[in-house]
>>> print(open('final_26.cif').read())   # mmCIF, C-alpha atoms
data_upload
loop_
_atom_site.group_PDB
_atom_site.id
_atom_site.type_symbol
_atom_site.label_atom_id
_atom_site.label_comp_id
_atom_site.auth_asym_id
_atom_site.auth_seq_id
_atom_site.Cartn_x
_atom_site.Cartn_y
_atom_site.Cartn_z
ATOM 1 C CA MET A 1 105.113 -70.946 99.722
ATOM 2 C CA GLU A 2 104.652 -72.966 102.886
ATOM 3 C CA VAL A 3 107.724 -73.804 104.927
ATOM 4 C CA LYS A 4 107.929 -76.345 107.719
ATOM 5 C CA VAL A 5 110.531 -77.592 110.178
ATOM 6 C CA HIS A 6 113.350 -79.597 108.453
ATOM 7 C CA ASP A 7 112.712 -77.947 105.055
ATOM 8 C CA ILE A 8 115.865 -76.713 103.402
ATOM 9 C CA VAL A 9 115.668 -73.172 102.086
ATOM 10 C CA LYS A 10 117.881 -71.603 99.444
ATOM 11 C CA PHE A 11 118.772 -67.925 99.493
ATOM 12 C CA GLN A 12 120.967 -65.517 97.533
ATOM 13 C CA GLY A 13 123.635 -64.887 100.155
ATOM 14 C CA VAL A 14 124.431 -63.772 103.674
ATOM 15 C CA GLU A 15 122.844 -60.372 102.952
ATOM 16 C CA SER A 16 119.459 -62.123 102.625
ATOM 17 C CA LEU A 17 119.499 -63.037 106.329
ATOM 18 C CA GLU A 18 117.914 -60.905 109.040
ATOM 19 C CA LYS A 19 120.456 -58.609 110.676
ATOM 20 C CA SER A 20 119.084 -59.265 114.165
ATOM 21 C CA ALA A 21 120.851 -62.644 114.391
ATOM 22 C CA PRO A 22 124.622 -63.103 114.784
ATOM 23 C CA ILE A 23 126.628 -63.554 111.583
ATOM 24 C CA PRO A 24 129.873 -65.366 112.468
ATOM 25 C CA GLU A 25 132.842 -65.003 110.141
ATOM 26 C CA TRP A 26 132.713 -68.545 108.757
ATOM 27 C CA LEU A 27 129.149 -68.094 107.572
ATOM 28 C CA GLY A 28 129.838 -66.252 104.337
ATOM 29 C CA GLU A 29 132.919 -68.330 103.533
ATOM 30 C CA THR A 30 131.402 -71.798 103.803
ATOM 31 C CA ALA A 31 129.523 -73.421 100.937
ATOM 32 C CA SER A 32 127.052 -75.132 103.251
ATOM 33 C CA SER A 33 126.002 -71.963 105.064
ATOM 34 C CA LYS A 34 126.139 -69.103 102.586
ATOM 35 C CA ASN A 35 123.164 -70.148 100.450
ATOM 36 C CA PHE A 36 121.228 -72.751 102.438
ATOM 37 C CA GLY A 37 119.527 -73.065 105.805
ATOM 38 C CA VAL A 38 117.334 -75.616 107.552
ATOM 39 C CA VAL A 39 114.017 -74.493 109.026
ATOM 40 C CA ARG A 40 114.087 -74.723 112.829
ATOM 41 C CA ARG A 41 111.268 -75.811 115.120
ATOM 42 C CA MET A 42 109.939 -72.412 116.147
ATOM 43 C CA ALA A 43 106.821 -70.399 115.466
ATOM 44 C CA ILE A 44 106.897 -68.492 112.177
ATOM 45 C CA SER A 45 105.519 -65.003 112.617
ATOM 46 C CA ASN A 46 105.380 -61.882 110.453
ATOM 47 C CA GLN A 47 106.674 -63.856 107.474
ATOM 48 C CA ILE A 48 109.992 -64.421 109.250
ATOM 49 C CA VAL A 49 111.280 -67.983 109.118
ATOM 50 C CA PRO A 50 113.725 -69.319 111.760
ATOM 51 C CA ILE A 51 116.564 -71.228 110.103
ATOM 52 C CA GLY A 52 119.739 -72.958 111.225
ATOM 53 C CA LEU A 53 123.008 -72.593 109.340
ATOM 54 C CA ARG A 54 125.798 -75.157 109.309
ATOM 55 C CA GLY A 55 129.505 -74.634 108.803
ATOM 56 C CA THR A 56 132.111 -77.338 108.471
ATOM 57 C CA THR A 57 132.530 -78.417 112.113
ATOM 58 C CA ARG A 58 129.913 -79.387 114.675
ATOM 59 C CA ASP A 59 130.405 -76.249 116.700
ATOM 60 C CA GLN A 60 129.837 -74.143 113.586
ATOM 61 C CA ARG A 61 126.093 -73.965 113.874
ATOM 62 C CA VAL A 62 124.117 -70.795 114.232
ATOM 63 C CA GLY A 63 120.469 -69.902 114.433
ATOM 64 C CA SER A 64 119.252 -67.169 112.117
ATOM 65 C CA PHE A 65 116.087 -65.789 110.531
ATOM 66 C CA ILE A 66 115.052 -65.014 106.982
ATOM 67 C CA LYS A 67 112.045 -63.245 105.475
ATOM 68 C CA LYS A 68 109.853 -65.478 103.328
ATOM 69 C CA ASP A 69 110.379 -63.066 100.419
ATOM 70 C CA ASN A 70 114.115 -63.734 100.529
ATOM 71 C CA ILE A 71 113.684 -67.492 100.128
ATOM 72 C CA LEU A 72 114.435 -68.608 96.549
ATOM 73 C CA ASP A 73 113.574 -72.272 96.886
ATOM 74 C CA VAL A 74 112.214 -74.742 99.448
ATOM 75 C CA ILE A 75 113.255 -78.395 99.405
ATOM 76 C CA LYS A 76 111.211 -80.751 101.598
ATOM 77 C CA PRO A 77 112.616 -83.950 103.163
ATOM 78 C CA THR A 78 109.924 -85.998 101.377
ATOM 79 C CA GLU A 79 111.234 -84.756 98.004
ATOM 80 C CA LEU A 80 114.698 -86.088 98.793
ATOM 81 C CA VAL A 81 113.661 -89.736 98.669
ATOM 82 C CA GLU A 82 113.850 -89.692 94.877
ATOM 83 C CA ARG A 83 117.403 -88.306 94.962
ATOM 84 C CA ILE A 84 118.832 -91.196 96.975
ATOM 85 C CA ASP A 85 120.122 -93.038 93.893
ATOM 86 C CA LEU A 86 122.259 -90.022 92.959
ATOM 87 C CA TYR A 87 124.439 -90.740 96.016
ATOM 88 C CA LYS A 88 125.429 -94.355 95.406
ATOM 89 C CA GLU A 89 129.036 -93.690 96.416
ATOM 90 C CA GLN A 90 128.138 -92.482 99.895
ATOM 91 C CA SER A 91 128.388 -94.733 102.943
ATOM 92 C CA TYR A 92 124.752 -94.167 103.877
ATOM 93 C CA TYR A 93 123.463 -95.239 100.454
ATOM 94 C CA SER A 94 122.822 -98.922 101.134
ATOM 95 C CA SER A 95 120.941 -98.150 104.374
ATOM 96 C CA LEU A 96 118.828 -95.437 102.757
ATOM 97 C CA LYS A 97 118.018 -97.646 99.792
ATOM 98 C CA LYS A 98 116.790 -100.445 102.078
ATOM 99 C CA ILE A 99 114.744 -97.970 104.106
ATOM 100 C CA ARG A 100 113.225 -96.533 100.922
ATOM 101 C CA ASP A 101 112.218 -99.974 99.652
ATOM 102 C CA GLU A 102 110.690 -101.002 102.990
ATOM 103 C CA PHE A 103 109.023 -97.681 103.824
ATOM 104 C CA ASN A 104 107.588 -97.233 100.337
ATOM 105 C CA GLY A 105 106.185 -100.739 100.599
ATOM 106 C CA MET A 106 104.515 -99.741 103.857
ATOM 107 C CA GLY A 107 103.091 -96.600 102.249
ATOM 108 C CA LEU A 108 104.895 -94.230 104.633
ATOM 109 C CA LEU A 109 105.515 -90.527 104.041
ATOM 110 C CA TRP A 110 109.089 -89.861 105.099
ATOM 111 C CA GLY A 111 112.374 -88.195 104.209
ATOM 112 C CA PRO A 112 116.012 -87.898 105.252
ATOM 113 C CA THR A 113 116.918 -84.915 107.475
ATOM 114 C CA GLY A 114 120.100 -83.883 109.335
ATOM 115 C CA SER A 115 123.404 -83.971 107.488
ATOM 116 C CA VAL A 116 122.303 -86.658 105.007
ATOM 117 C CA GLY A 117 119.171 -84.698 104.095
ATOM 118 C CA PHE A 118 121.217 -81.529 103.733
ATOM 119 C CA GLU A 119 123.622 -83.283 101.399
ATOM 120 C CA LEU A 120 120.840 -84.729 99.224
ATOM 121 C CA ALA A 121 119.136 -81.343 99.022
ATOM 122 C CA THR A 122 122.173 -79.208 98.237
ATOM 123 C CA SER A 123 124.739 -81.587 96.651
ATOM 124 C CA ILE A 124 127.250 -80.121 99.113
ATOM 125 C CA ILE A 125 129.093 -82.952 100.845
ATOM 126 C CA VAL A 126 128.693 -82.483 104.606
ATOM 127 C CA THR A 127 128.534 -86.088 105.856
ATOM 128 C CA SER A 128 131.335 -88.364 106.967
ATOM 129 C CA GLU A 129 131.365 -92.129 107.417
ATOM 130 C CA LYS A 130 130.503 -91.512 111.064
ATOM 131 C CA SER A 131 127.474 -89.327 110.399
ATOM 132 C CA ASP A 132 124.201 -90.465 111.912
ATOM 133 C CA ILE A 133 121.317 -91.050 109.571
ATOM 134 C CA ASP A 134 118.362 -88.924 110.643
ATOM 135 C CA LEU A 135 114.889 -89.411 109.207
ATOM 136 C CA SER A 136 111.524 -87.804 109.707
ATOM 137 C CA LEU A 137 108.376 -89.847 109.445
ATOM 138 C CA PHE A 138 105.202 -87.859 108.793
ATOM 139 C CA LEU A 139 102.137 -89.402 110.416
ATOM 140 C CA ASN A 140 98.693 -88.061 111.270
ATOM 141 C CA HIS A 141 98.624 -89.859 114.603
ATOM 142 C CA VAL A 142 100.820 -92.283 116.540
ATOM 143 C CA ASP A 143 100.159 -95.935 115.875
ATOM 144 C CA TYR A 144 102.153 -98.187 118.209
ATOM 145 C CA ASP A 145 101.981 -101.311 116.040
ATOM 146 C CA LEU A 146 103.049 -99.458 112.900
ATOM 147 C CA LEU A 147 105.935 -97.809 114.738
ATOM 148 C CA LYS A 148 107.040 -101.143 116.166
ATOM 149 C CA GLU A 149 107.150 -102.457 112.601
ATOM 150 C CA VAL A 150 109.193 -99.418 111.481
ATOM 151 C CA ASP A 151 111.610 -100.016 114.343
ATOM 152 C CA GLY A 152 111.948 -103.664 113.316
ATOM 153 C CA VAL A 153 112.985 -102.612 109.806
ATOM 154 C CA LEU A 154 115.605 -100.201 111.151
ATOM 155 C CA ASP A 155 117.026 -102.680 113.648
ATOM 156 C CA CYS A 156 118.073 -104.902 110.727
ATOM 157 C CA LEU A 157 120.395 -102.202 109.348
ATOM 158 C CA ASP A 158 124.065 -101.864 110.283
ATOM 159 C CA ARG A 159 123.887 -98.077 110.843
ATOM 160 C CA ARG A 160 122.106 -96.292 113.660
ATOM 161 C CA ILE A 161 119.041 -94.574 112.281
ATOM 162 C CA ASP A 162 117.395 -91.807 114.324
ATOM 163 C CA VAL A 163 113.750 -91.349 113.489
ATOM 164 C CA GLN A 164 111.600 -88.403 114.467
ATOM 165 C CA ILE A 165 107.866 -88.828 114.128
ATOM 166 C CA GLU A 166 106.304 -85.559 112.978
ATOM 167 C CA LEU A 167 102.692 -85.118 114.039
ATOM 168 C CA PRO A 168 100.626 -82.221 112.658
ATOM 169 C CA GLU A 169 99.599 -79.616 115.275
ATOM 170 C CA ILE A 170 101.639 -81.435 117.960
ATOM 171 C CA GLY A 171 105.333 -81.653 117.148
ATOM 172 C CA ALA A 172 107.926 -84.389 116.945
ATOM 173 C CA ILE A 173 108.742 -87.456 119.021
ATOM 174 C CA LEU A 174 111.799 -89.691 118.756
ATOM 175 C CA LEU A 175 110.724 -93.162 117.668
ATOM 176 C CA LYS A 176 112.838 -94.931 120.327
ATOM 177 C CA ASP A 177 111.609 -92.622 123.069
ATOM 178 C CA TYR A 178 107.992 -93.282 122.177
ATOM 179 C CA LEU A 179 108.389 -97.051 121.867
ATOM 180 C CA ASN A 180 110.334 -97.388 125.130
ATOM 181 C CA ASN A 181 108.545 -94.806 127.239
ATOM 182 C CA ALA A 182 104.974 -94.374 125.968
ATOM 183 C CA SER A 183 103.511 -94.919 129.430
ATOM 184 C CA SER A 184 106.379 -93.555 131.570
ATOM 185 C CA GLY A 185 107.111 -90.320 129.712
ATOM 186 C CA PHE A 186 108.569 -89.215 126.386
ATOM 187 C CA ILE A 187 109.458 -85.784 125.030
ATOM 188 C CA VAL A 188 107.369 -84.016 122.428
ATOM 189 C CA ARG A 189 109.313 -81.246 120.691
ATOM 190 C CA THR A 190 106.809 -78.486 119.990
ATOM 191 C CA GLN A 191 107.390 -75.134 118.325
ATOM 192 C CA TYR A 192 107.265 -73.598 121.809
ATOM 193 C CA GLY A 193 109.856 -75.974 123.295
ATOM 194 C CA PRO A 194 110.064 -79.549 124.597
ATOM 195 C CA GLN A 195 107.297 -81.034 126.729
ATOM 196 C CA LEU A 196 107.253 -84.310 128.658
ATOM 197 C CA CYS A 197 104.165 -86.330 127.696
ATOM 198 C CA LYS A 198 102.541 -89.693 128.327
ATOM 199 C CA VAL A 199 100.025 -91.763 126.449
ATOM 200 C CA ASP A 200 96.860 -91.843 128.503
ATOM 201 C CA SER A 201 93.643 -93.479 127.212
ATOM 202 C CA GLY A 202 95.202 -93.644 123.748
ATOM 203 C CA LYS A 203 95.967 -89.911 123.634
ATOM 204 C CA ILE A 204 99.197 -87.926 124.030
ATOM 205 C CA LYS A 205 98.877 -85.832 127.184
ATOM 206 C CA PRO A 206 101.371 -83.426 128.782
ATOM 207 C CA VAL A 207 102.897 -84.325 132.171
ATOM 208 C CA GLU A 208 103.093 -81.523 134.701
ATOM 209 C CA MET A 209 106.550 -81.242 136.241
ATOM 210 C CA VAL A 210 108.748 -78.758 138.029
ATOM 211 C CA ILE A 211 111.991 -78.043 136.199
ATOM 212 C CA MET B 1 134.025 -86.695 122.495
ATOM 213 C CA GLN B 2 134.297 -84.263 125.375
ATOM 214 C CA LYS B 3 133.980 -85.207 129.038
ATOM 215 C CA LEU B 4 132.825 -82.591 131.535
ATOM 216 C CA THR B 5 132.679 -83.163 135.279
ATOM 217 C CA TYR B 6 130.988 -81.167 138.011
ATOM 218 C CA THR B 7 130.718 -81.838 141.751
ATOM 219 C CA PHE B 8 128.389 -80.187 144.255
ATOM 220 C CA PRO B 9 127.747 -80.736 147.964
ATOM 221 C CA ALA B 10 124.355 -82.413 148.361
ATOM 222 C CA SER B 11 122.167 -83.458 151.286
ATOM 223 C CA LYS B 12 119.100 -85.302 150.025
ATOM 224 C CA SER B 13 119.355 -89.028 149.523
ATOM 225 C CA ILE B 14 117.507 -90.843 146.758
ATOM 226 C CA ASN B 15 115.781 -94.206 146.910
ATOM 227 C CA ARG B 16 116.832 -95.947 143.759
ATOM 228 C CA PRO B 17 118.846 -95.702 140.548
ATOM 229 C CA ALA B 18 117.204 -94.281 137.449
ATOM 230 C CA HIS B 19 117.833 -94.466 133.717
ATOM 231 C CA VAL B 20 115.835 -92.122 131.493
ATOM 232 C CA GLY B 21 116.122 -90.674 128.004
ATOM 233 C CA VAL B 22 117.235 -92.255 124.773
ATOM 234 C CA VAL B 23 120.270 -92.625 122.549
ATOM 235 C CA GLY B 24 119.369 -90.466 119.572
ATOM 236 C CA SER B 25 119.960 -87.137 117.845
ATOM 237 C CA GLY B 26 118.783 -84.217 119.952
ATOM 238 C CA ASP B 27 118.326 -86.299 123.075
ATOM 239 C CA LEU B 28 120.386 -87.744 125.917
ATOM 240 C CA GLU B 29 120.563 -90.571 128.428
ATOM 241 C CA VAL B 30 120.632 -89.771 132.127
ATOM 242 C CA LEU B 31 121.812 -92.424 134.604
ATOM 243 C CA VAL B 32 121.418 -91.706 138.296
ATOM 244 C CA GLU B 33 122.862 -93.800 141.130
ATOM 245 C CA PRO B 34 122.489 -93.083 144.847
ATOM 246 C CA SER B 35 125.677 -91.923 146.595
ATOM 247 C CA ASN B 36 126.587 -91.965 150.295
ATOM 248 C CA ASN B 37 129.069 -89.122 149.940
ATOM 249 C CA ASN B 38 126.828 -86.105 150.471
ATOM 250 C CA GLU B 39 127.867 -85.101 147.013
ATOM 251 C CA ALA B 40 126.340 -84.851 143.580
ATOM 252 C CA SER B 41 128.878 -85.753 140.980
ATOM 253 C CA PHE B 42 128.107 -85.257 137.300
ATOM 254 C CA GLU B 43 129.893 -86.686 134.315
ATOM 255 C CA VAL B 44 128.716 -85.356 130.959
ATOM 256 C CA ARG B 45 129.919 -87.088 127.799
ATOM 257 C CA THR B 46 129.092 -85.185 124.656
ATOM 258 C CA GLY B 47 130.126 -85.221 121.010
ATOM 259 C CA ILE B 48 129.369 -81.527 120.712
ATOM 260 C CA THR B 49 132.143 -79.328 122.046
ATOM 261 C CA GLY B 50 132.079 -75.731 123.125
ATOM 262 C CA PHE B 51 129.053 -75.732 125.439
ATOM 263 C CA GLN B 52 130.746 -76.019 128.868
ATOM 264 C CA GLU B 53 129.133 -72.821 130.108
ATOM 265 C CA THR B 54 125.656 -73.931 129.049
ATOM 266 C CA TRP B 55 126.068 -77.321 130.757
ATOM 267 C CA LYS B 56 127.300 -75.643 133.895
ATOM 268 C CA LYS B 57 124.262 -73.362 134.015
ATOM 269 C CA VAL B 58 121.760 -76.154 133.384
ATOM 270 C CA ILE B 59 123.340 -78.401 136.041
ATOM 271 C CA GLU B 60 123.673 -75.588 138.603
ATOM 272 C CA ARG B 61 120.024 -74.747 138.124
ATOM 273 C CA PHE B 62 119.097 -78.391 138.554
ATOM 274 C CA MET B 63 121.157 -78.684 141.761
ATOM 275 C CA SER B 64 119.684 -75.480 143.194
ATOM 276 C CA GLN B 65 116.283 -77.176 142.989
ATOM 277 C CA ASN B 66 117.135 -80.773 143.790
ATOM 278 C CA ASP B 67 120.201 -81.110 146.006
ATOM 279 C CA ILE B 68 120.410 -84.912 145.583
ATOM 280 C CA ALA B 69 123.412 -86.984 146.639
ATOM 281 C CA ALA B 70 124.023 -89.059 143.538
ATOM 282 C CA ASN B 71 126.383 -90.041 140.767
ATOM 283 C CA ILE B 72 124.862 -88.748 137.571
ATOM 284 C CA THR B 73 126.117 -89.764 134.151
ATOM 285 C CA ILE B 74 124.862 -87.991 131.054
ATOM 286 C CA ASN B 75 125.416 -89.279 127.529
ATOM 287 C CA ASP B 76 124.501 -86.392 125.273
ATOM 288 C CA PHE B 77 123.593 -86.537 121.590
ATOM 289 C CA GLY B 78 123.080 -82.852 120.980
ATOM 290 C CA ALA B 79 120.110 -82.180 123.264
ATOM 291 C CA THR B 80 118.937 -78.600 123.781
ATOM 292 C CA PRO B 81 119.066 -77.201 127.357
ATOM 293 C CA GLY B 82 115.270 -77.560 127.594
ATOM 294 C CA VAL B 83 115.459 -81.265 126.812
ATOM 295 C CA VAL B 84 118.340 -81.729 129.287
ATOM 296 C CA SER B 85 116.329 -80.097 132.085
ATOM 297 C CA ILE B 86 113.293 -82.275 131.395
ATOM 298 C CA ARG B 87 115.373 -85.468 131.411
ATOM 299 C CA LEU B 88 117.109 -84.518 134.672
ATOM 300 C CA ALA B 89 113.755 -83.777 136.313
ATOM 301 C CA GLN B 90 112.379 -87.043 134.975
ATOM 302 C CA ALA B 91 115.351 -88.968 136.415
ATOM 303 C CA VAL B 92 114.843 -87.389 139.841
ATOM 304 C CA GLU B 93 111.187 -88.275 139.758
ATOM 305 C CA VAL B 94 112.029 -91.923 139.092
ATOM 306 C CA SER B 95 114.815 -92.110 141.676
ATOM 307 C CA THR B 96 112.899 -90.410 144.489
ATOM 308 C CA ASN B 97 109.631 -92.192 143.838
ATOM 309 C CA ASP B 98 108.554 -94.462 146.707
ATOM 310 C CA ALA B 99 106.329 -96.600 144.530
ATOM 311 C CA THR B 100 107.680 -100.016 143.644
ATOM 312 C CA ASN B 101 105.945 -100.245 140.284
ATOM 313 C CA ASN B 102 108.593 -98.522 138.224
#
>>> encode(input="final_26.cif", output="structure tokens")
Amino acid sequence: MEVKVHDIVKFQGVESLEKSAPIPEWLGETASSKNFGVVRRMAISNQIVPIGLRGTTRDQRVGSFIKKDNILDVIKPTELVERIDLYKEQSYYSSLKKIRDEFNGMGLLWGPTGSVGFELATSIIVTSEKSDIDLSLFLNHVDYDLLKEVDGVLDCLDRRIDVQIELPEIGAILLKDYLNNASSGFIVRTQYGPQLCKVDSGKIKPVEMVI
Amino acid sequence: MQKLTYTFPASKSINRPAHVGVVGSGDLEVLVEPSNNNEASFEVRTGITGFQETWKKVIERFMSQNDIAANITINDFGATPGVVSIRLAQAVEVSTNDATNN
């Protein structure tokens, strides 16, 4: 079973988690955290998967780890696209439906992440009317014209949509950051941490800086 | 929305204002304006509460390396400390750059 960043993993209970990470009190008492986690952007080693757990408030977030053997199910953001119609009552529905129609027409591989993705994956209601809509777009390489077109689609919606572009072997880039700052510097989130990069001769290259 | 403010004595002047970063989950905007006060004054606006100590550490570390007299506004959308440090460094690079082409 292959797990990747943003995948939602299901597990039996708090006892399935690695004991090395903190286990706050709310964790075992909250529906959204006691059986589900979201894979974090970190290296996976020795079959141990880094996951994030979410409680009911924004400060109830904690990083944890789980052994692959303790994972019962993996739900990928791309699988959630077909569940969108099950959430017609939710405030994000009309935006997601439009995105699905447009993106599917463009042949894109994508899926909802963040709180909306979590909700679609688990059926546990964690969004509010104010929740952002986060999406991941899975591409093999960055294509400025395609991304400009994607941005045009999203600009026509009445909700703010945050898009991360996931690139294999590289990491993720925020769509807006890339479109606005391709030549001046944008951040690539890698499994070893964030890195400022620029596009140079058509390729993504790291920028050396002192921080 | 939480507002955090920090002020430090500062001696280095900067050449120009800077605006880096983006509005979006996991990122932040950093706006830097030159100040004549020999002070660096930070205003952090964030929707994620409970990280005062982390902000303080990141900003103190930044000031220990940069010492710029400026008014710095940060609009945070849940950036990690690593992303915050990169954006601050990027803003300094823009605002201390002598070149006129950016």
>>> atom_distance(input="final_26.cif", atom1="CA of His19 in chain B", atom2="CA of His141 in chain A")
27.5 Å
>>> residues_near_point(input="final_26.cif", point="(129.8, -91.0, 122.1)", cutoff="12 Å", atoms="all atoms listed in the file", output="JSON, numbers by chain")
{"A": [130, 132], "B": [1, 2, 3, 23, 24, 25, 28, 29, 44, 45, 46, 47, 48, 49, 74, 75, 76, 77, 78]}
>>> write_last_selection(input="final_26.cif", atoms="C-alpha atoms", output="mmCIF file, in the frame of the given file")
data_model
loop_
_atom_site.group_PDB
_atom_site.id
_atom_site.type_symbol
_atom_site.label_atom_id
_atom_site.label_comp_id
_atom_site.auth_asym_id
_atom_site.auth_seq_id
_atom_site.Cartn_x
_atom_site.Cartn_y
_atom_site.Cartn_z
ATOM 1 C CA LYS A 130 130.503 -91.512 111.064
ATOM 2 C CA ASP A 132 124.201 -90.465 111.912
ATOM 3 C CA MET B 1 134.025 -86.695 122.495
ATOM 4 C CA GLN B 2 134.297 -84.263 125.375
ATOM 5 C CA LYS B 3 133.980 -85.207 129.038
ATOM 6 C CA VAL B 23 120.270 -92.625 122.549
ATOM 7 C CA GLY B 24 119.369 -90.466 119.572
ATOM 8 C CA SER B 25 119.960 -87.137 117.845
ATOM 9 C CA LEU B 28 120.386 -87.744 125.917
ATOM 10 C CA GLU B 29 120.563 -90.571 128.428
ATOM 11 C CA VAL B 44 128.716 -85.356 130.959
ATOM 12 C CA ARG B 45 129.919 -87.088 127.799
ATOM 13 C CA THR B 46 129.092 -85.185 124.656
ATOM 14 C CA GLY B 47 130.126 -85.221 121.010
ATOM 15 C CA ILE B 48 129.369 -81.527 120.712
ATOM 16 C CA THR B 49 132.143 -79.328 122.046
ATOM 17 C CA ILE B 74 124.862 -87.991 131.054
ATOM 18 C CA ASN B 75 125.416 -89.279 127.529
ATOM 19 C CA ASP B 76 124.501 -86.392 125.273
ATOM 20 C CA PHE B 77 123.593 -86.537 121.590
ATOM 21 C CA GLY B 78 123.080 -82.852 120.980
#
>>> closest_residue(input="final_26.cif", among="A:Ile125, A:Val14, A:Cys197, A:Leu137", to="Phe36 in chain A", atoms="only C-alpha atoms")
A:Val14
>>> interface_residues(input="final_26.cif", of="chain A", to="chain B", cutoff="12 Å", atoms="all atoms listed in the file", output="ChimeraX atom specification")
/A:41,57-61,113-115,130-136,160-164,172-190,192-197,207-211
>>> residues_around(input="final_26.cif", residues="Asn97 in chain B", least_positions_apart="5", cutoff="10 Å", atoms="all atoms listed in the file", output="VMD selection string")
chain B and resid 14 to 16 91 to 92 102
>>> residues_around(input="final_26.cif", residues="Ala40 in chain B", least_positions_apart="3", cutoff="12 Å", atoms="only C-alpha atoms", output="number ranges by chain")
B: 5-14, 32-37, 43, 59-60, 62-64, 66-73
>>> write_last_selection(input="final_26.cif", atoms="C-alpha atoms", output="PDB file, keeping the file's coordinate frame")
ATOM      1  CA  THR B   5     132.679 -83.163 135.279  1.00  0.00           C
ATOM      2  CA  TYR B   6     130.988 -81.167 138.011  1.00  0.00           C
ATOM      3  CA  THR B   7     130.718 -81.838 141.751  1.00  0.00           C
ATOM      4  CA  PHE B   8     128.389 -80.187 144.255  1.00  0.00           C
ATOM      5  CA  PRO B   9     127.747 -80.736 147.964  1.00  0.00           C
ATOM      6  CA  ALA B  10     124.355 -82.413 148.361  1.00  0.00           C
ATOM      7  CA  SER B  11     122.167 -83.458 151.286  1.00  0.00           C
ATOM      8  CA  LYS B  12     119.100 -85.302 150.025  1.00  0.00           C
ATOM      9  CA  SER B  13     119.355 -89.028 149.523  1.00  0.00           C
ATOM     10  CA  ILE B  14     117.507 -90.843 146.758  1.00  0.00           C
ATOM     11  CA  VAL B  32     121.418 -91.706 138.296  1.00  0.00           C
ATOM     12  CA  GLU B  33     122.862 -93.800 141.130  1.00  0.00           C
ATOM     13  CA  PRO B  34     122.489 -93.083 144.847  1.00  0.00           C
ATOM     14  CA  SER B  35     125.677 -91.923 146.595  1.00  0.00           C
ATOM     15  CA  ASN B  36     126.587 -91.965 150.295  1.00  0.00           C
ATOM     16  CA  ASN B  37     129.069 -89.122 149.940  1.00  0.00           C
ATOM     17  CA  GLU B  43     129.893 -86.686 134.315  1.00  0.00           C
ATOM     18  CA  ILE B  59     123.340 -78.401 136.041  1.00  0.00           C
ATOM     19  CA  GLU B  60     123.673 -75.588 138.603  1.00  0.00           C
ATOM     20  CA  PHE B  62     119.097 -78.391 138.554  1.00  0.00           C
ATOM     21  CA  MET B  63     121.157 -78.684 141.761  1.00  0.00           C
ATOM     22  CA  SER B  64     119.684 -75.480 143.194  1.00  0.00           C
ATOM     23  CA  ASN B  66     117.135 -80.773 143.790  1.00  0.00           C
ATOM     24  CA  ASP B  67     120.201 -81.110 146.006  1.00  0.00           C
ATOM     25  CA  ILE B  68     120.410 -84.912 145.583  1.00  0.00           C
ATOM     26  CA  ALA B  69     123.412 -86.984 146.639  1.00  0.00           C
ATOM     27  CA  ALA B  70     124.023 -89.059 143.538  1.00  0.00           C
ATOM     28  CA  ASN B  71     126.383 -90.041 140.767  1.00  0.00           C
ATOM     29  CA  ILE B  72     124.862 -88.748 137.571  1.00  0.00           C
ATOM     30  CA  THR B  73     126.117 -89.764 134.151  1.00  0.00           C
TER      31      THR B  73
END
>>> residues_near_point(input="final_26.cif", point="(117.2, -60.1, 116.4)", cutoff="12 Å", atoms="all atoms listed in the file", output="PyMOL selection string")
chain A and resi 17-23+48+50+63-66
>>> build_atoms(input="final_26.cif", residues="range 75-84 of chain B", atoms="N, CA and C atoms", output="tab-separated table (two decimals), keeping the file's coordinate frame")
chain	number	residue	atom	x	y	z
B	75	ASN	N	124.90	-89.05	128.88
B	75	ASN	CA	125.42	-89.28	127.53
B	75	ASN	C	124.59	-88.42	126.59
B	76	ASP	N	125.24	-87.39	126.05
B	76	ASP	CA	124.50	-86.39	125.27
B	76	ASP	C	124.67	-86.61	123.77
B	77	PHE	N	123.57	-86.44	123.06
B	77	PHE	CA	123.59	-86.54	121.59
B	77	PHE	C	123.05	-85.25	120.99
B	78	GLY	N	123.48	-84.14	121.54
B	78	GLY	CA	123.08	-82.85	120.98
B	78	GLY	C	121.72	-82.37	121.45
B	79	ALA	N	121.39	-82.64	122.71
B	79	ALA	CA	120.11	-82.18	123.26
B	79	ALA	C	120.16	-80.68	123.52
B	80	THR	N	119.01	-80.02	123.42
B	80	THR	CA	118.94	-78.60	123.78
B	80	THR	C	118.84	-78.50	125.31
B	81	PRO	N	119.16	-77.34	125.89
B	81	PRO	CA	119.07	-77.20	127.36
B	81	PRO	C	117.68	-77.56	127.89
B	82	GLY	N	116.64	-77.23	127.16
B	82	GLY	CA	115.27	-77.56	127.59
B	82	GLY	C	115.06	-79.06	127.73
B	83	VAL	N	115.58	-79.81	126.77
B	83	VAL	CA	115.46	-81.26	126.81
B	83	VAL	C	116.30	-81.83	127.97
B	84	VAL	N	117.48	-81.27	128.19
B	84	VAL	CA	118.34	-81.73	129.29
B	84	VAL	C	117.62	-81.54	130.62
